[in-house]
>>> print(open('data-v2.cif').read())   # mmCIF, C-alpha atoms
data_target
loop_
_atom_site.label_atom_id
_atom_site.label_comp_id
_atom_site.auth_asym_id
_atom_site.auth_seq_id
_atom_site.Cartn_x
_atom_site.Cartn_y
_atom_site.Cartn_z
CA MET Y 1004 0.00 0.00 0.00
CA SER Y 1005 1.39 3.42 -0.93
CA PRO Y 1006 2.33 6.03 1.71
CA ASP Y 1007 -0.68 8.10 0.57
CA HIS Y 1008 -2.96 5.15 1.34
CA PRO Y 1009 -1.73 3.86 4.70
CA PRO Y 1010 -3.19 0.64 6.16
CA GLY Y 1011 -6.50 1.14 7.95
CA LEU Y 1012 -7.49 4.23 5.96
CA ASP Y 1013 -9.56 3.84 2.77
CA LEU Y 1014 -9.34 7.35 1.31
CA ASP Y 1015 -12.06 6.82 -1.29
CA ARG Y 1016 -14.60 5.73 1.31
CA LEU Y 1017 -13.50 8.47 3.67
CA ARG Y 1018 -13.85 11.11 0.94
CA GLY Y 1019 -17.33 9.85 0.14
CA LEU Y 1020 -18.37 10.13 3.78
CA LEU Y 1021 -16.91 13.64 4.19
CA ASP Y 1022 -18.60 14.85 0.99
CA ARG Y 1023 -21.96 13.55 2.26
CA GLU Y 1024 -21.66 14.70 5.87
CA ARG Y 1025 -19.57 17.89 5.43
CA PRO Y 1026 -20.20 19.09 1.88
CA GLY Y 1027 -17.55 21.52 0.64
CA LEU Y 1028 -15.05 20.67 3.40
CA VAL Y 1029 -12.66 18.78 1.11
CA THR Y 1030 -11.64 20.70 -2.01
CA GLY Y 1031 -8.96 18.50 -3.59
CA PRO Y 1032 -7.61 14.93 -3.74
CA LEU Y 1033 -6.95 13.47 -0.28
CA THR Y 1034 -3.57 12.20 0.84
CA ALA Y 1035 -2.71 10.72 4.23
CA ARG Y 1036 0.18 9.44 6.31
CA LEU Y 1037 0.36 7.55 9.58
CA ILE Y 1038 1.65 9.70 12.45
CA GLU Y 1039 4.18 7.58 14.33
CA GLY Y 1040 4.46 7.62 18.10
CA GLY Y 1041 1.03 6.54 19.28
CA ARG Y 1042 1.08 3.39 21.38
CA SER Y 1043 -2.50 2.21 20.89
CA ASN Y 1044 -4.97 4.07 18.68
CA LEU Y 1045 -3.84 4.91 15.15
CA THR Y 1046 -3.49 8.56 14.13
CA TYR Y 1047 -3.27 9.79 10.54
CA ALA Y 1048 -2.54 13.22 9.07
CA LEU Y 1049 -5.00 13.93 6.24
CA SER Y 1050 -4.73 16.70 3.63
CA ASP Y 1051 -6.35 18.01 0.45
CA SER Y 1052 -3.40 20.44 -0.11
CA ALA Y 1053 -5.51 23.39 1.11
CA SER Y 1054 -6.50 22.09 4.57
CA LYS Y 1055 -5.27 19.50 7.06
CA TRP Y 1056 -7.13 17.18 9.41
CA VAL Y 1057 -6.36 14.24 11.70
CA VAL Y 1058 -8.12 10.86 11.73
CA ARG Y 1059 -8.15 8.66 14.85
CA ARG Y 1060 -9.15 5.01 14.74
CA PRO Y 1061 -8.53 1.85 16.80
CA PRO Y 1062 -5.61 -0.47 15.95
CA LEU Y 1063 -5.93 -2.89 13.05
CA GLY Y 1064 -7.35 -6.13 14.35
CA HIS Y 1065 -10.04 -5.86 16.98
CA VAL Y 1066 -8.98 -5.07 20.53
CA LEU Y 1067 -11.18 -4.48 23.60
CA ALA Y 1068 -13.71 -1.86 22.53
CA THR Y 1069 -13.56 0.01 25.85
CA ALA Y 1070 -9.84 0.60 25.43
CA HIS Y 1071 -10.27 2.22 22.01
CA ASP Y 1072 -13.57 4.07 22.34
CA MET Y 1073 -13.67 6.62 19.53
CA LYS Y 1074 -17.09 7.93 20.56
CA ARG Y 1075 -15.75 8.70 24.03
CA GLU Y 1076 -12.69 10.58 22.73
CA HIS Y 1077 -14.81 12.54 20.27
CA ARG Y 1078 -17.32 13.35 23.00
CA VAL Y 1079 -14.77 14.83 25.38
CA ILE Y 1080 -13.02 17.04 22.81
CA SER Y 1081 -16.43 18.19 21.50
CA ALA Y 1082 -17.45 19.14 25.05
CA LEU Y 1083 -14.17 20.92 25.82
CA TYR Y 1084 -13.72 22.74 22.49
CA PRO Y 1085 -15.91 25.75 23.49
CA THR Y 1086 -14.01 26.11 26.82
CA GLU Y 1087 -10.58 27.57 27.58
CA VAL Y 1088 -9.05 24.07 27.38
CA PRO Y 1089 -7.04 23.78 24.13
CA VAL Y 1090 -8.26 20.83 22.07
CA PRO Y 1091 -8.53 20.34 18.29
CA ARG Y 1092 -11.83 21.32 16.65
CA PRO Y 1093 -13.89 18.13 16.14
CA VAL Y 1094 -15.14 17.61 12.58
CA LEU Y 1095 -16.95 14.27 12.44
CA LEU Y 1096 -17.58 11.02 14.32
CA CYS Y 1097 -18.31 7.88 12.29
CA GLU Y 1098 -19.54 4.77 14.09
CA ASP Y 1099 -20.33 2.92 10.85
CA GLU Y 1100 -17.65 0.23 10.61
CA GLU Y 1101 -18.38 -0.22 6.88
CA VAL Y 1102 -16.35 2.90 6.07
CA LEU Y 1103 -12.93 2.07 7.57
CA GLY Y 1104 -13.54 -1.25 9.30
CA ALA Y 1105 -13.83 0.41 12.74
CA PRO Y 1106 -15.37 3.52 14.32
CA PHE Y 1107 -13.25 6.67 13.87
CA TYR Y 1108 -13.36 10.43 14.15
CA VAL Y 1109 -11.90 13.38 12.27
CA MET Y 1110 -10.62 16.60 13.86
CA GLU Y 1111 -8.76 19.63 12.59
CA PHE Y 1112 -4.97 19.45 12.39
CA VAL Y 1113 -3.16 21.58 14.99
CA ALA Y 1114 0.45 22.65 14.38
CA GLY Y 1115 2.80 22.09 17.30
CA THR Y 1116 5.48 19.82 18.76
CA PRO Y 1117 5.05 16.94 21.24
CA TYR Y 1118 8.33 16.96 23.21
CA ARG Y 1119 9.15 13.41 24.26
CA THR Y 1120 12.72 13.61 25.58
CA SER Y 1121 15.10 15.95 27.37
CA ASP Y 1122 17.27 16.01 24.24
CA GLN Y 1123 14.40 17.40 22.18
CA LEU Y 1124 13.94 20.24 24.67
CA VAL Y 1125 17.63 21.25 24.70
CA PRO Y 1126 17.42 23.44 21.53
CA LEU Y 1127 14.68 25.51 23.22
CA GLY Y 1128 17.10 26.60 25.95
CA PRO Y 1129 16.40 26.74 29.70
CA GLU Y 1130 13.94 29.67 29.72
CA ARG Y 1131 11.67 28.37 26.97
CA THR Y 1132 11.78 24.85 28.43
CA ARG Y 1133 10.70 26.25 31.79
CA ASP Y 1134 7.86 28.22 30.17
CA ALA Y 1135 6.62 25.17 28.27
CA VAL Y 1136 6.51 22.95 31.38
CA LEU Y 1137 4.85 25.63 33.53
CA SER Y 1138 2.31 26.08 30.72
CA LEU Y 1139 1.57 22.37 31.12
CA VAL Y 1140 0.59 22.98 34.77
CA ASP Y 1141 -1.53 26.03 33.94
CA THR Y 1142 -3.42 24.14 31.24
CA LEU Y 1143 -4.08 21.27 33.65
CA VAL Y 1144 -5.58 23.77 36.11
CA GLU Y 1145 -7.85 25.02 33.28
CA LEU Y 1146 -8.99 21.47 32.50
CA HIS Y 1147 -9.76 20.73 36.15
CA ALA Y 1148 -11.70 24.01 36.45
CA VAL Y 1149 -14.28 22.93 33.85
CA ASP Y 1150 -17.67 22.07 35.40
CA PRO Y 1151 -18.46 18.63 33.89
CA ALA Y 1152 -22.24 19.16 34.09
CA GLU Y 1153 -22.04 22.53 32.32
CA VAL Y 1154 -20.31 21.02 29.27
CA GLY Y 1155 -22.50 17.92 29.12
CA LEU Y 1156 -20.02 15.53 30.78
CA GLY Y 1157 -21.89 15.04 34.06
CA ASP Y 1158 -22.23 11.30 33.33
CA PHE Y 1159 -18.78 10.83 31.79
CA GLY Y 1160 -17.53 8.54 34.58
CA ARG Y 1161 -18.19 7.11 38.03
CA PRO Y 1162 -16.20 9.28 40.42
CA GLU Y 1163 -17.44 7.58 43.62
CA GLY Y 1164 -14.76 5.17 44.84
CA PHE Y 1165 -12.54 6.17 41.92
CA LEU Y 1166 -9.13 5.67 43.60
CA ASP Y 1167 -10.10 2.33 45.12
CA ARG Y 1168 -11.31 1.07 41.73
CA GLN Y 1169 -8.16 2.31 40.02
CA LEU Y 1170 -5.95 0.52 42.52
CA ARG Y 1171 -7.89 -2.72 42.13
CA ARG Y 1172 -7.88 -2.40 38.35
CA TRP Y 1173 -4.10 -2.02 38.13
CA GLY Y 1174 -3.65 -4.83 40.68
CA LYS Y 1175 -5.60 -7.12 38.33
CA GLN Y 1176 -3.49 -5.94 35.40
CA LEU Y 1177 -0.39 -6.90 37.38
CA ASP Y 1178 -1.77 -10.36 38.18
CA ALA Y 1179 -2.52 -10.90 34.47
CA SER Y 1180 1.16 -10.49 33.54
CA ARG Y 1181 2.96 -12.18 36.44
CA ASN Y 1182 5.65 -14.59 35.34
CA ARG Y 1183 8.55 -13.59 37.61
CA GLU Y 1184 9.25 -12.34 41.12
CA LEU Y 1185 9.20 -8.55 41.47
CA ALA Y 1186 10.58 -7.45 44.81
CA GLY Y 1187 8.50 -4.74 46.45
CA ILE Y 1188 5.59 -4.54 44.01
CA ASP Y 1189 3.07 -6.20 46.35
CA GLU Y 1190 4.29 -4.02 49.21
CA LEU Y 1191 3.83 -0.92 47.06
CA HIS Y 1192 0.30 -2.00 46.05
CA ALA Y 1193 -0.69 -2.84 49.64
CA THR Y 1194 0.73 0.38 51.08
CA LEU Y 1195 -1.13 2.45 48.49
CA GLY Y 1196 -4.32 0.62 49.52
CA ARG Y 1197 -3.78 1.30 53.24
CA ARG Y 1198 -3.08 4.99 52.70
CA LEU Y 1199 -5.86 5.75 50.20
CA PRO Y 1200 -6.52 9.52 50.43
CA GLU Y 1201 -9.94 11.15 50.31
CA SER Y 1202 -10.52 12.54 46.83
CA PRO Y 1203 -11.43 16.17 46.19
CA MET Y 1204 -14.49 17.05 44.08
CA PRO Y 1205 -14.32 15.09 40.81
CA THR Y 1206 -13.36 16.78 37.56
CA VAL Y 1207 -12.75 15.77 33.96
CA ILE Y 1208 -9.33 14.12 34.04
CA HIS Y 1209 -7.10 13.35 31.09
CA GLY Y 1210 -5.61 10.14 32.49
CA ASP Y 1211 -2.26 10.32 30.68
CA TYR Y 1212 -1.27 13.97 31.04
CA ARG Y 1213 2.35 14.72 30.16
CA LEU Y 1214 4.46 16.82 27.83
CA ASP Y 1215 4.39 14.47 24.84
CA ASN Y 1216 0.59 14.33 24.89
CA VAL Y 1217 0.30 18.05 24.19
CA LEU Y 1218 1.32 20.16 21.20
CA ILE Y 1219 3.55 23.14 22.04
CA GLY Y 1220 3.49 26.06 19.62
CA ASP Y 1221 6.32 28.37 18.59
CA ASP Y 1222 5.26 30.73 21.40
CA ASP Y 1223 5.82 27.90 23.95
CA ARG Y 1224 2.10 27.80 24.73
CA ILE Y 1225 0.02 24.64 24.56
CA LYS Y 1226 -1.99 24.56 21.33
CA ALA Y 1227 -3.82 21.26 21.94
CA ILE Y 1228 -4.09 18.41 24.42
CA LEU Y 1229 -4.17 15.07 22.57
CA ASP Y 1230 -4.85 11.38 23.33
CA TRP Y 1231 -8.01 11.50 25.45
CA GLU Y 1232 -8.56 7.73 25.41
CA MET Y 1233 -8.08 7.41 29.20
CA SER Y 1234 -10.18 10.45 30.13
CA THR Y 1235 -13.05 10.17 32.61
CA LEU Y 1236 -14.57 11.87 35.64
CA GLY Y 1237 -12.38 11.25 38.65
CA ASP Y 1238 -9.76 12.55 41.06
CA PRO Y 1239 -7.88 15.49 39.47
CA LEU Y 1240 -4.78 14.83 41.58
CA THR Y 1241 -4.14 11.61 39.62
CA ASP Y 1242 -3.29 13.86 36.63
CA LEU Y 1243 -0.97 15.97 38.79
CA GLY Y 1244 0.70 12.88 40.30
CA LEU Y 1245 1.50 11.52 36.85
CA LEU Y 1246 2.86 14.90 35.75
CA VAL Y 1247 5.09 15.00 38.84
CA MET Y 1248 6.31 11.46 38.14
CA TYR Y 1249 7.33 12.43 34.61
CA SER Y 1250 9.15 15.46 36.05
CA LEU Y 1251 11.53 13.32 38.13
CA PRO Y 1252 14.76 11.86 36.67
CA LEU Y 1253 14.49 8.09 36.25
CA GLY Y 1254 18.12 7.45 37.12
CA ALA Y 1255 18.20 4.78 34.43
CA PRO Y 1256 20.57 5.58 31.53
CA ASP Y 1257 19.55 4.43 28.04
CA SER Y 1258 15.99 3.89 29.26
CA PRO Y 1259 13.40 3.18 26.56
CA VAL Y 1260 10.96 5.13 28.75
CA SER Y 1261 11.81 8.80 28.72
CA THR Y 1262 11.05 11.70 30.98
CA THR Y 1263 11.96 15.30 30.18
CA ALA Y 1264 13.14 16.00 33.73
CA GLU Y 1265 16.83 16.37 32.89
CA ALA Y 1266 16.38 19.11 30.28
CA PRO Y 1267 18.13 22.37 31.34
CA GLY Y 1268 15.53 24.75 32.76
CA HIS Y 1269 12.96 22.04 33.58
CA PRO Y 1270 11.16 23.16 36.79
CA GLU Y 1271 11.53 21.01 39.91
CA PRO Y 1272 8.51 18.89 40.91
CA ARG Y 1273 7.99 21.03 44.03
CA GLU Y 1274 7.46 24.13 41.88
CA LEU Y 1275 4.95 22.33 39.67
CA ILE Y 1276 3.00 21.13 42.72
CA GLU Y 1277 3.02 24.57 44.38
CA ARG Y 1278 1.95 26.29 41.16
CA TYR Y 1279 -0.93 23.85 40.69
CA ALA Y 1280 -2.02 24.31 44.32
CA ALA Y 1281 -1.88 28.12 44.12
CA ARG Y 1282 -3.81 28.31 40.84
CA SER Y 1283 -6.38 25.59 41.52
CA GLY Y 1284 -6.94 26.16 45.24
CA ARG Y 1285 -6.79 22.39 45.85
CA ASP Y 1286 -5.16 20.70 48.82
CA VAL Y 1287 -2.07 18.87 47.51
CA SER Y 1288 -0.79 17.59 50.88
CA HIS Y 1289 -1.22 13.94 49.74
CA ILE Y 1290 0.54 14.38 46.40
CA SER Y 1291 3.20 11.81 47.37
CA TRP Y 1292 0.45 9.14 47.33
CA TYR Y 1293 -0.65 10.16 43.83
CA THR Y 1294 2.94 10.24 42.57
CA ALA Y 1295 3.65 6.81 44.06
CA PHE Y 1296 0.46 5.53 42.42
CA ALA Y 1297 1.75 6.85 39.07
CA TRP Y 1298 5.04 4.94 39.59
CA PHE Y 1299 3.02 1.79 40.40
CA LYS Y 1300 0.76 2.17 37.36
CA LEU Y 1301 3.74 2.62 35.02
CA ALA Y 1302 5.52 -0.37 36.62
CA VAL Y 1303 2.45 -2.51 35.87
CA ILE Y 1304 2.22 -1.24 32.27
CA LEU Y 1305 5.93 -1.93 31.70
CA GLU Y 1306 5.68 -5.38 33.26
CA GLY Y 1307 2.83 -6.14 30.85
CA ILE Y 1308 5.04 -5.12 27.92
CA HIS Y 1309 7.91 -7.24 29.33
CA TYR Y 1310 5.52 -10.17 29.74
CA ARG Y 1311 4.46 -9.93 26.07
CA TYR Y 1312 8.13 -9.65 25.09
CA THR Y 1313 8.94 -12.93 26.90
CA LEU Y 1314 6.11 -14.58 24.93
CA GLY Y 1315 7.51 -13.22 21.64
CA GLN Y 1316 4.50 -10.95 21.09
CA THR Y 1317 6.26 -7.60 20.62
CA LEU Y 1318 7.65 -6.05 17.45
CA GLY Y 1319 10.46 -3.51 17.24
CA GLU Y 1320 13.51 -2.55 19.26
CA GLY Y 1321 14.00 -1.68 22.93
CA PHE Y 1322 11.61 -4.24 24.41
CA ASP Y 1323 14.50 -6.32 25.75
CA ARG Y 1324 15.35 -3.49 28.18
CA ILE Y 1325 11.84 -2.84 29.51
CA GLY Y 1326 12.03 -5.65 32.06
CA ASP Y 1327 15.10 -4.14 33.73
CA LEU Y 1328 13.26 -0.86 34.17
CA VAL Y 1329 10.31 -2.24 36.18
CA PRO Y 1330 12.25 -2.54 39.51
CA VAL Y 1331 13.38 1.10 39.06
CA PHE Y 1332 9.74 2.23 38.97
CA ILE Y 1333 8.87 0.06 41.98
CA ASP Y 1334 11.76 1.54 43.99
CA HIS Y 1335 10.73 5.08 43.06
CA GLY Y 1336 7.17 4.31 44.19
CA LEU Y 1337 8.25 2.91 47.56
CA THR Y 1338 10.70 5.77 48.14
CA THR Y 1339 8.02 8.35 47.31
CA LEU Y 1340 5.65 6.82 49.89
CA GLN Y 1341 8.40 6.66 52.53
CA GLU Y 1342 9.95 10.06 52.01
CA GLY Y 1343 7.16 12.11 50.42
#
>>> encode(input="data-v2.cif", output="structure tokens")
Amino acid sequence: MSPDHPPGLDLDRLRGLLDRERPGLVTGPLTARLIEGGRSNLTYALSDSASKWVVRRPPLGHVLATAHDMKREHRVISALYPTEVPVPRPVLLCEDEEVLGAPFYVMEFVAGTPYRTSDQLVPLGPERTRDAVLSLVDTLVELHAVDPAEVGLGDFGRPEGFLDRQLRRWGKQLDASRNRELAGIDELHATLGRRLPESPMPTVIHGDYRLDNVLIGDDDRIKAILDWEMSTLGDPLTDLGLLVMYSLPLGAPDSPVSTTAEAPGHPEPRELIERYAARSGRDVSHISWYTAFAWFKLAVILEGIHYRYTLGQTLGEGFDRIGDLVPVFIDHGLTTLQEG
């Protein structure tokens, strides 16, 4: 299949749908390319030479529907688009699997850069790096300030018992990929369960909020938050805990999992926490729990990848090193709970 017709995207059928549902939107022949970097749902850049859009669809080959819910992603960006939260303009949701073989949605293309590593931030210099990361905090405060009921997301999740359910869910994920001893992981899970904090008022949460899931513009401001597949109504401090986790150096050279923490100018976690607290008015005194939970969640995800690697079910490079990284995440989680 040619680069202009990537797998999973039938441009003729897509053009037919767009012409029917959004007459006049497309003015020339469509071309498309797969945007690399996504770990689950597939993302394509679409163009007719005059305008650009993005198409999101589940992976090829059917996976659990709940994990790749296009309607849910489209719903949240549609609800947030009129607010101050930067998201791409939604164009169309298609639940008819006859068109592309799976449900999908189309949104406008937003120009910007998703910074994944410290090395990518270096050319910005310390001041611009600092501005970009602080902008990440400010945008998170804006997201958590949205009243879910006012934007039609009052039933977007089940916030009661959210943290307890999350902990049990990730414990089950861990049990599903156990094939070796992992010192400390059960202690980390149990301690998190014993110290479960009381959640603040629920908000719309992103679920995977970090620098490489936003697009930074040339003015170092966030142009769009992407990848809403884990969004729901829940405890807003889970988003902050994950952001703090990704702002701490891993201490693991040549890691296939990257944080941006070591980029010159990157703010310290304490500053991010204090800025969020000052701008949101929320109590962040239990943030060490949320950060430790983020370490635990990532340890479980990485162990699942390692487990699939041992079964010969992964493709590509770097998977052989994932297993060595899991104990690092466990240690960080335990240390965070002990020392705060």
>>> atom_distance(input="data-v2.cif", atom1="atom CA of Y:Asp1242", atom2="atom CA of Y:Gly1343")
17.4 Å
>>> resolve_selection(input="data-v2.cif", expression="the PyMOL selection byres ((chain Y and resi 1298) around 9)", output="MDAnalysis selection string")
chainID Y and resid 1245 1248 1293:1297 1299:1303 1332:1337 1339
>>> residues_around(input="data-v2.cif", residues="Y:Asp1051", least_positions_apart="6", cutoff="6 Å", atoms="only C-alpha atoms", output="list of chain:residue names")
Y:Gly1031, Y:Pro1032, Y:Leu1033
>>> atom_distance(input="data-v2.cif", atom1="atom CA of Y:Thr1120", atom2="atom CA of Y:Ser1054")
29.7 Å
>>> resolve_selection(input="data-v2.cif", expression="the PyMOL selection byres ((chain Y and resi 1163) around 10)", output="list in words")
Gly1160, Arg1161, Pro1162, Gly1164, Phe1165, Leu1166, Asp1167, Arg1168, Ser1202, Met1204, Pro1205, Leu1236, Gly1237 and Asp1238 of chain Y
>>> closest_residue(input="data-v2.cif", among="Y:Asn1216, Y:Ser1291, Y:Ser1138, Y:Gln1123", to="Y:Leu1195", atoms="all atoms listed in the file")
Y:Ser1291
>>> closest_residue(input="data-v2.cif", among="Y:Leu1083, Y:Ile1188, Y:Ile1038, Y:Ala1135", to="Y:Ala1148", atoms="all atoms listed in the file")
Y:Leu1083
>>> closest_residue(input="data-v2.cif", among="Y:Gly1326, Y:Leu1240, Y:Leu1275, Y:Val1217", to="Y:Arg1119", atoms="all atoms listed in the file")
Y:Val1217
>>> resolve_selection(input="data-v2.cif", expression="the PyMOL selection byres ((chain Y and resi 1215) around 12)", output="PyMOL selection string")
chain Y and resi 1040-1041+1115-1121+1123-1124+1135-1136+1139+1211-1214+1216-1219+1225+1227-1230+1246+1249+1261-1263
>>> atom_distance(input="data-v2.cif", atom1="atom CA of Y:Arg1198", atom2="atom CA of Y:Arg1172")
16.8 Å
>>> closest_atom_pairs(input="data-v2.cif", of="stretch 1083-1182 of chain Y", to="stretch 1279-1289 of chain Y", cutoff="9 Å", atoms="all atoms listed in the file", output="tab-separated table")
residue	atom	partner	partner_atom	distance
Y:Val1140	CA	Y:Tyr1279	CA	6.2
Y:Asp1141	CA	Y:Tyr1279	CA	7.1
Y:Leu1143	CA	Y:Tyr1279	CA	8.1
Y:Val1144	CA	Y:Ser1283	CA	5.8
Y:Glu1145	CA	Y:Ser1283	CA	8.4
Y:His1147	CA	Y:Ser1283	CA	8.0
Y:Ala1148	CA	Y:Ser1283	CA	7.5
>>> closest_residue(input="data-v2.cif", among="Y:Val1247, Y:Met1233, Y:Leu1095, Y:Leu1191", to="Y:Asp1022", atoms="only C-alpha atoms")
Y:Leu1095
>>> residues_around(input="data-v2.cif", residues="Y:Glu1039", least_positions_apart="4", cutoff="12 Å", atoms="only C-alpha atoms", output="list in words")
Pro1009, Ser1043, Asn1044, Leu1045, Thr1046, Tyr1047, Ala1048 and Pro1117 of chain Y
>>> closest_residue(input="data-v2.cif", among="Y:Thr1030, Y:Asn1182, Y:Thr1132, Y:Thr1317", to="Y:Gly1268", atoms="only C-alpha atoms")
Y:Thr1132
>>> residues_around(input="data-v2.cif", residues="stretch 1149-1159 of chain Y", least_positions_apart="3", cutoff="8 Å", atoms="only C-alpha atoms", output="number ranges by chain")
Y: 1079, 1082-1083, 1086, 1145-1146, 1206-1207, 1235-1236
>>> write_last_selection(input="data-v2.cif", atoms="C-alpha atoms", output="tab-separated table (two decimals), in the coordinates of the input")
chain	number	residue	atom	x	y	z
Y	1079	VAL	CA	-14.77	14.83	25.38
Y	1082	ALA	CA	-17.45	19.14	25.05
Y	1083	LEU	CA	-14.17	20.92	25.82
Y	1086	THR	CA	-14.01	26.11	26.82
Y	1145	GLU	CA	-7.85	25.02	33.28
Y	1146	LEU	CA	-8.99	21.47	32.50
Y	1206	THR	CA	-13.36	16.78	37.56
Y	1207	VAL	CA	-12.75	15.77	33.96
Y	1235	THR	CA	-13.05	10.17	32.61
Y	1236	LEU	CA	-14.57	11.87	35.64
>>> closest_residue(input="data-v2.cif", among="Y:Arg1181, Y:Lys1175, Y:Arg1133, Y:Arg1311", to="Y:Glu1274", atoms="only C-alpha atoms")
Y:Arg1133
>>> residues_around(input="data-v2.cif", residues="Y:Gly1019", least_positions_apart="3", cutoff="12 Å", atoms="only C-alpha atoms", output="list in words")
Asp1013, Leu1014, Asp1015, Arg1016, Asp1022, Arg1023, Glu1024, Arg1025, Pro1026, Gly1027, Leu1028, Val1029, Pro1032, Leu1033, Val1102 and Leu1103 of chain Y
>>> residues_around(input="data-v2.cif", residues="Y:Trp1231", least_positions_apart="6", cutoff="9 Å", atoms="all atoms listed in the file", output="list in words")
Arg1075, Glu1076, His1077, Val1079, Ile1080, His1209, Gly1210 and Asp1211 of chain Y
>>> build_atoms(input="data-v2.cif", residues="stretch 1108-1120 of chain Y", atoms="N, CA and C atoms", output="CSV table (one decimal), keeping the file's coordinate frame")
chain,number,residue,atom,x,y,z
Y,1108,TYR,N,-12.9,9.0,14.2
Y,1108,TYR,CA,-13.4,10.4,14.2
Y,1108,TYR,C,-12.3,11.3,13.5
Y,1109,VAL,N,-12.8,12.4,13.0
Y,1109,VAL,CA,-11.9,13.4,12.3
Y,1109,VAL,C,-11.9,14.7,13.1
Y,1110,MET,N,-10.7,15.3,13.2
Y,1110,MET,CA,-10.6,16.6,13.9
Y,1110,MET,C,-9.6,17.5,13.0
Y,1111,GLU,N,-9.7,18.7,13.3
Y,1111,GLU,CA,-8.8,19.6,12.6
Y,1111,GLU,C,-7.3,19.4,13.0
Y,1112,PHE,N,-6.4,19.6,12.1
Y,1112,PHE,CA,-5.0,19.4,12.4
Y,1112,PHE,C,-4.5,20.7,13.2
Y,1113,VAL,N,-3.7,20.5,14.2
Y,1113,VAL,CA,-3.2,21.6,15.0
Y,1113,VAL,C,-1.6,21.5,14.9
Y,1114,ALA,N,-1.0,22.6,14.5
Y,1114,ALA,CA,0.4,22.6,14.4
Y,1114,ALA,C,1.1,22.8,15.8
Y,1115,GLY,N,2.1,22.0,16.0
Y,1115,GLY,CA,2.8,22.1,17.3
Y,1115,GLY,C,3.7,20.9,17.5
Y,1116,THR,N,4.5,20.9,18.5
Y,1116,THR,CA,5.5,19.8,18.8
Y,1116,THR,C,5.2,19.1,20.1
Y,1117,PRO,N,5.1,17.7,20.0
Y,1117,PRO,CA,5.0,16.9,21.2
Y,1117,PRO,C,6.5,16.6,21.7
Y,1118,TYR,N,7.0,17.2,22.7
Y,1118,TYR,CA,8.3,17.0,23.2
Y,1118,TYR,C,8.4,15.7,24.1
Y,1119,ARG,N,9.1,14.7,23.6
Y,1119,ARG,CA,9.2,13.4,24.3
Y,1119,ARG,C,10.4,13.2,25.2
Y,1120,THR,N,11.5,13.9,24.9
Y,1120,THR,CA,12.7,13.6,25.6
Y,1120,THR,C,13.4,14.9,26.0
